[in-house]
Amino acid sequence: MQQAGAADWSDDSIGYRYGTKFAEPYNSQDITKNVINFTHVSGYKYGSNYFDVDLLMSDRKDDSAQEAYVVYRHTLDFAKIAGRDFKFGPVRDLGLSFGFDWNTKNDLSYASKKRLLAIGPTLMMDVPGFLNVSVFAVQESNQPIGVTSRYTYKTHAMLNLVWGIPLGATPLAFEGYLNYIGSRGTNEFGGPTSPELNFDGQVMYDLGPQLAMGKNVFRVGLEYQYWRNKFGNPSNVPGSLAKTPMIHAEYHF
């Protein structure tokens, strides 16, 4: 990934997640997935970069499918750019975030090829660790099986929260994200879409010091995802609601 400038700091990690209660729209079965992950986070003179790749491998209940899902966000930090303090009330700083999502999946029923562009303001809240609140304008398109040309949904809004908060002086941290996504309008098959809620939270334990690996090098934890109206599918669609506990491990380098 090309960065916007020389990094003042950076953190890279590889991770593994496993769960047996994943869900996919129009599939009423619980799906087991193994997920391998790479994440890069860095800060530079004017802001920060976030780059994440998930490689998701499903069991036979989801056609033994393989999926790659990529997220990139860049945040311009107004305080760094202007050289002045924008703090007020519970807000530490202001910014502008933009980026994209990209995926491809080789299942036999839908085979998503999502493309998403997002831009909007970000509030950086004054908490231990970080809590960023963004409101994005989103343009999204897809070209699944049965659609001859790429279909673009109605431009819609997304509320995004991302956080990483240490739990006092313990080796624990509460991390995750929440997306509330407005209706996309009519889908590529002419049907309705619904507002979407995706919460993914995890409590991670820092094992690094106990293994003589240093602080925040190797972490393990429990993760839970609640995903309602997944990909905008209404609640009457089987598999549109996911309640997925996972185990999670990651190594930072």
# chains A, B, ... in the order shown; residues from 1 in each chain; ligands from 1
call {"tool": "residues_around", "arguments": {"residues": "Ala249 of chain A", "least_positions_apart": "6", "cutoff": "12 Å", "atoms": "only C-alpha atoms", "output": "MDAnalysis selection string"}}
result
chainID A and resid 13:18 34:38 202:208 216:223
call {"tool": "select_by_dssp", "arguments": {"residues": "segment 54-122 of chain A", "states": "alpha helix (DSSP H)", "output": "ChimeraX atom specification"}}
result
/A:78-82
call {"tool": "residues_around", "arguments": {"residues": "segment 147-164 of chain A", "least_positions_apart": "6", "cutoff": "7 Å", "atoms": "only C-alpha atoms", "output": "PyMOL selection string"}}
result
chain A and resi 129-141+173-188
call {"tool": "select_by_dssp", "arguments": {"residues": "segment 164-249 of chain A", "states": "strand (DSSP E)", "output": "count of residues only"}}
result
43
call {"tool": "closest_residue", "arguments": {"among": "A:Arg84, A:Lys230, A:Lys114, A:His252", "to": "Val41 of chain A", "atoms": "only C-alpha atoms"}}
result
A:His252
call {"tool": "closest_atom_pairs", "arguments": {"of": "segment 85-184 of chain A", "to": "segment 26-31 of chain A", "cutoff": "12 Å", "atoms": "only C-alpha atoms", "output": "CSV"}}
result
residue,atom,partner,partner_atom,distance
A:Asp107,CA,A:Asn27,CA,11.8
A:Leu108,CA,A:Asn27,CA,12.0
A:Ser109,CA,A:Tyr26,CA,9.1
A:Tyr110,CA,A:Tyr26,CA,9.5
call {"tool": "write_last_selection", "arguments": {"atoms": "C-alpha atoms", "output": "PDB file, in the first residue's frame"}}
result
ATOM      1  CA  ASP A 107     -19.686 -19.379  -3.856  1.00  0.00           C
ATOM      2  CA  LEU A 108     -22.174 -20.899  -6.312  1.00  0.00           C
ATOM      3  CA  SER A 109     -25.303 -18.889  -5.462  1.00  0.00           C
ATOM      4  CA  TYR A 110     -24.376 -15.165  -5.258  1.00  0.00           C
TER       5      TYR A 110
END
call {"tool": "residues_around", "arguments": {"residues": "Val53 of chain A", "least_positions_apart": "5", "cutoff": "8 Å", "atoms": "only C-alpha atoms", "output": "ChimeraX atom specification"}}
result
/A:37-39,68-71
call {"tool": "residues_around", "arguments": {"residues": "Met125 of chain A", "least_positions_apart": "5", "cutoff": "6 Å", "atoms": "only C-alpha atoms", "output": "ChimeraX atom specification"}}
result
/A:90-92,131
call {"tool": "write_last_selection", "arguments": {"atoms": "C-alpha atoms", "output": "tab-separated table (two decimals), in the first residue's frame"}}
result
chain	number	residue	atom	x	y	z
A	90	PRO	CA	-15.96	15.09	24.58
A	91	VAL	CA	-14.22	15.52	21.19
A	92	ARG	CA	-10.42	15.34	21.02
A	131	LEU	CA	-12.97	6.05	19.65
call {"tool": "atom_distance", "arguments": {"atom1": "atom CA of Leu116 of chain A", "atom2": "atom CA of Gly191 of chain A"}}
result
19.9 Å
call {"tool": "residues_around", "arguments": {"residues": "Met57 of chain A", "least_positions_apart": "6", "cutoff": "7 Å", "atoms": "only C-alpha atoms", "output": "NGL selection string"}}
result
:A and (33-35 or 64-67)
call {"tool": "write_last_selection", "arguments": {"atoms": "all heavy atoms", "output": "short mmCIF file (atom, residue, chain, number, x, y, z; two decimals), in the first residue's frame"}}
result
data_model
loop_
_atom_site.label_atom_id
_atom_site.label_comp_id
_atom_site.auth_asym_id
_atom_site.auth_seq_id
_atom_site.Cartn_x
_atom_site.Cartn_y
_atom_site.Cartn_z
N LYS A 33 -16.52 -20.89 9.57
CA LYS A 33 -15.52 -20.20 8.76
C LYS A 33 -14.21 -20.08 9.52
O LYS A 33 -14.19 -19.85 10.73
CB LYS A 33 -15.99 -18.79 8.38
CG LYS A 33 -17.18 -18.75 7.44
CD LYS A 33 -17.45 -17.34 6.92
CE LYS A 33 -18.68 -17.30 6.03
NZ LYS A 33 -18.89 -15.98 5.38
N ASN A 34 -13.13 -20.25 8.79
CA ASN A 34 -11.79 -19.91 9.24
C ASN A 34 -11.40 -18.61 8.53
O ASN A 34 -11.56 -18.49 7.32
CB ASN A 34 -10.79 -21.01 8.89
CG ASN A 34 -11.03 -22.28 9.67
OD1 ASN A 34 -10.54 -22.43 10.78
ND2 ASN A 34 -11.79 -23.21 9.10
N VAL A 35 -10.88 -17.66 9.30
CA VAL A 35 -10.57 -16.34 8.74
C VAL A 35 -9.11 -16.00 9.05
O VAL A 35 -8.71 -15.98 10.22
CB VAL A 35 -11.48 -15.24 9.30
CG1 VAL A 35 -11.21 -13.91 8.60
CG2 VAL A 35 -12.95 -15.63 9.18
N SER A 64 -18.15 -24.41 0.38
CA SER A 64 -16.71 -24.41 0.62
C SER A 64 -16.05 -23.19 -0.03
O SER A 64 -14.94 -23.26 -0.57
CB SER A 64 -16.06 -25.71 0.10
OG SER A 64 -16.61 -26.83 0.75
N ALA A 65 -16.77 -22.06 0.06
CA ALA A 65 -16.36 -20.85 -0.65
C ALA A 65 -15.16 -20.19 0.00
O ALA A 65 -14.91 -20.33 1.20
CB ALA A 65 -17.52 -19.86 -0.70
N GLN A 66 -14.44 -19.46 -0.82
CA GLN A 66 -13.34 -18.61 -0.36
C GLN A 66 -13.67 -17.16 -0.72
O GLN A 66 -14.18 -16.88 -1.81
CB GLN A 66 -12.02 -19.03 -1.02
CG GLN A 66 -11.62 -20.46 -0.68
CD GLN A 66 -10.41 -20.91 -1.46
OE1 GLN A 66 -10.18 -20.49 -2.58
NE2 GLN A 66 -9.62 -21.78 -0.86
N GLU A 67 -13.38 -16.26 0.22
CA GLU A 67 -13.70 -14.84 0.01
C GLU A 67 -12.52 -13.99 0.46
O GLU A 67 -11.88 -14.28 1.47
CB GLU A 67 -14.94 -14.45 0.81
CG GLU A 67 -15.30 -12.97 0.69
CD GLU A 67 -16.51 -12.57 1.51
OE1 GLU A 67 -17.01 -13.42 2.28
OE2 GLU A 67 -16.96 -11.41 1.39
#
call {"tool": "decode", "arguments": {"residues": "segment 103-245 of chain A", "atoms": "C-alpha atoms", "output": "CSV table (one decimal), in the first residue's frame"}}
result
chain,number,residue,atom,x,y,z
A,103,ASN,CA,-14.5,-8.1,-2.1
A,104,THR,CA,-14.7,-11.2,-4.2
A,105,LYS,CA,-16.3,-14.5,-3.3
A,106,ASN,CA,-16.5,-17.8,-5.3
A,107,ASP,CA,-19.7,-19.4,-3.9
A,108,LEU,CA,-22.2,-20.9,-6.3
A,109,SER,CA,-25.3,-18.9,-5.5
A,110,TYR,CA,-24.4,-15.2,-5.3
A,111,ALA,CA,-20.6,-14.7,-5.7
A,112,SER,CA,-20.4,-11.1,-4.4
A,113,LYS,CA,-18.1,-8.7,-6.2
A,114,LYS,CA,-18.7,-5.6,-4.0
A,115,ARG,CA,-17.1,-2.2,-4.7
A,116,LEU,CA,-17.7,0.6,-2.2
A,117,LEU,CA,-16.5,4.2,-1.9
A,118,ALA,CA,-16.9,6.2,1.3
A,119,ILE,CA,-16.2,9.8,2.4
A,120,GLY,CA,-17.2,11.8,5.4
A,121,PRO,CA,-16.3,13.7,8.6
A,122,THR,CA,-14.8,12.0,11.7
A,123,LEU,CA,-15.0,12.9,15.3
A,124,MET,CA,-12.1,11.6,17.4
A,125,MET,CA,-13.4,11.2,20.9
A,126,ASP,CA,-11.5,12.0,24.1
A,127,VAL,CA,-11.3,8.5,25.7
A,128,PRO,CA,-8.5,6.2,26.8
A,129,GLY,CA,-7.2,4.6,23.6
A,130,PHE,CA,-9.4,5.8,20.8
A,131,LEU,CA,-13.0,6.1,19.7
A,132,ASN,CA,-13.6,7.5,16.2
A,133,VAL,CA,-17.1,8.3,15.0
A,134,SER,CA,-17.6,8.9,11.3
A,135,VAL,CA,-20.6,9.7,9.0
A,136,PHE,CA,-20.0,8.5,5.5
A,137,ALA,CA,-21.7,9.1,2.2
A,138,VAL,CA,-21.4,5.7,0.5
A,139,GLN,CA,-21.6,4.6,-3.2
A,140,GLU,CA,-21.8,0.8,-3.5
A,141,SER,CA,-22.1,-1.5,-6.5
A,142,ASN,CA,-22.0,-5.2,-7.1
A,143,GLN,CA,-22.1,-7.7,-10.0
A,144,PRO,CA,-23.1,-11.1,-8.6
A,145,ILE,CA,-24.2,-14.2,-10.5
A,146,GLY,CA,-27.1,-13.5,-12.8
A,147,VAL,CA,-26.3,-9.8,-13.3
A,148,THR,CA,-24.9,-9.0,-16.7
A,149,SER,CA,-23.4,-5.6,-15.8
A,150,ARG,CA,-22.3,-3.9,-12.6
A,151,TYR,CA,-25.3,-2.5,-10.6
A,152,THR,CA,-24.9,0.7,-8.5
A,153,TYR,CA,-27.2,1.1,-5.5
A,154,LYS,CA,-28.6,4.4,-4.4
A,155,THR,CA,-26.0,6.6,-2.6
A,156,HIS,CA,-26.7,6.1,1.1
A,157,ALA,CA,-25.3,7.1,4.5
A,158,MET,CA,-23.3,5.0,7.0
A,159,LEU,CA,-22.6,5.7,10.7
A,160,ASN,CA,-19.3,4.1,11.6
A,161,LEU,CA,-17.8,3.7,15.1
A,162,VAL,CA,-14.3,2.2,15.6
A,163,TRP,CA,-12.7,1.8,19.0
A,164,GLY,CA,-9.8,0.4,21.0
A,165,ILE,CA,-10.1,1.0,24.7
A,166,PRO,CA,-7.7,-0.5,27.3
A,167,LEU,CA,-9.5,-1.9,30.4
A,168,GLY,CA,-7.7,0.0,33.1
A,169,ALA,CA,-4.3,-1.3,34.1
A,170,THR,CA,-5.1,-4.9,33.0
A,171,PRO,CA,-3.7,-6.7,30.0
A,172,LEU,CA,-7.3,-6.5,28.5
A,173,ALA,CA,-8.6,-4.2,25.8
A,174,PHE,CA,-12.1,-3.8,24.3
A,175,GLU,CA,-11.9,-3.3,20.6
A,176,GLY,CA,-14.3,-3.3,17.6
A,177,TYR,CA,-16.5,-1.5,15.2
A,178,LEU,CA,-20.2,-0.7,14.6
A,179,ASN,CA,-21.8,0.2,11.3
A,180,TYR,CA,-25.3,1.4,10.8
A,181,ILE,CA,-26.0,1.6,7.1
A,182,GLY,CA,-29.0,3.2,5.5
A,183,SER,CA,-31.2,1.6,2.9
A,184,ARG,CA,-29.5,1.1,-0.5
A,185,GLY,CA,-32.8,1.5,-2.4
A,186,THR,CA,-33.7,-1.3,-4.8
A,187,ASN,CA,-31.3,-4.1,-5.1
A,188,GLU,CA,-29.8,-5.5,-8.3
A,189,PHE,CA,-32.7,-8.0,-8.7
A,190,GLY,CA,-35.4,-5.3,-8.3
A,191,GLY,CA,-36.2,-6.2,-4.6
A,192,PRO,CA,-36.2,-3.9,-1.5
A,193,THR,CA,-33.3,-3.4,0.9
A,194,SER,CA,-33.4,-2.5,4.6
A,195,PRO,CA,-31.1,-0.5,6.9
A,196,GLU,CA,-28.2,-2.7,8.1
A,197,LEU,CA,-26.6,-3.0,11.6
A,198,ASN,CA,-23.2,-4.7,12.0
A,199,PHE,CA,-21.6,-4.8,15.5
A,200,ASP,CA,-18.3,-6.6,16.0
A,201,GLY,CA,-16.7,-6.4,19.4
A,202,GLN,CA,-13.8,-8.3,21.0
A,203,VAL,CA,-12.0,-8.5,24.3
A,204,MET,CA,-8.3,-9.2,23.7
A,205,TYR,CA,-5.8,-10.3,26.3
A,206,ASP,CA,-2.1,-9.4,25.9
A,207,LEU,CA,-0.1,-12.7,26.3
A,208,GLY,CA,3.1,-11.2,24.9
A,209,PRO,CA,4.8,-10.3,28.2
A,210,GLN,CA,4.1,-13.7,29.7
A,211,LEU,CA,5.7,-15.3,26.6
A,212,ALA,CA,8.8,-13.0,26.7
A,213,MET,CA,7.6,-11.5,23.4
A,214,GLY,CA,7.1,-7.9,24.5
A,215,LYS,CA,3.9,-5.9,25.1
A,216,ASN,CA,1.1,-6.1,22.5
A,217,VAL,CA,3.0,-8.6,20.3
A,218,PHE,CA,0.8,-11.7,20.8
A,219,ARG,CA,-2.9,-11.3,21.8
A,220,VAL,CA,-5.8,-13.7,22.1
A,221,GLY,CA,-9.5,-13.1,22.9
A,222,LEU,CA,-13.1,-13.7,22.3
A,223,GLU,CA,-15.1,-11.9,19.6
A,224,TYR,CA,-18.8,-11.5,18.9
A,225,GLN,CA,-20.6,-10.2,15.8
A,226,TYR,CA,-24.2,-9.2,15.6
A,227,TRP,CA,-25.2,-8.5,12.0
A,228,ARG,CA,-28.8,-7.6,11.3
A,229,ASN,CA,-30.2,-7.3,7.7
A,230,LYS,CA,-26.8,-8.5,6.4
A,231,PHE,CA,-25.9,-6.7,3.1
A,232,GLY,CA,-29.2,-4.9,3.3
A,233,ASN,CA,-31.4,-8.0,3.0
A,234,PRO,CA,-34.7,-7.6,4.8
A,235,SER,CA,-35.4,-9.6,8.0
A,236,ASN,CA,-37.7,-12.1,6.2
A,237,VAL,CA,-34.7,-13.4,4.2
A,238,PRO,CA,-33.2,-16.5,5.7
A,239,GLY,CA,-29.6,-15.9,6.9
A,240,SER,CA,-30.0,-12.1,7.0
A,241,LEU,CA,-29.3,-12.2,10.8
A,242,ALA,CA,-25.9,-13.4,12.1
A,243,LYS,CA,-25.0,-13.9,15.8
A,244,THR,CA,-21.5,-15.2,15.6
A,245,PRO,CA,-19.1,-15.9,18.6
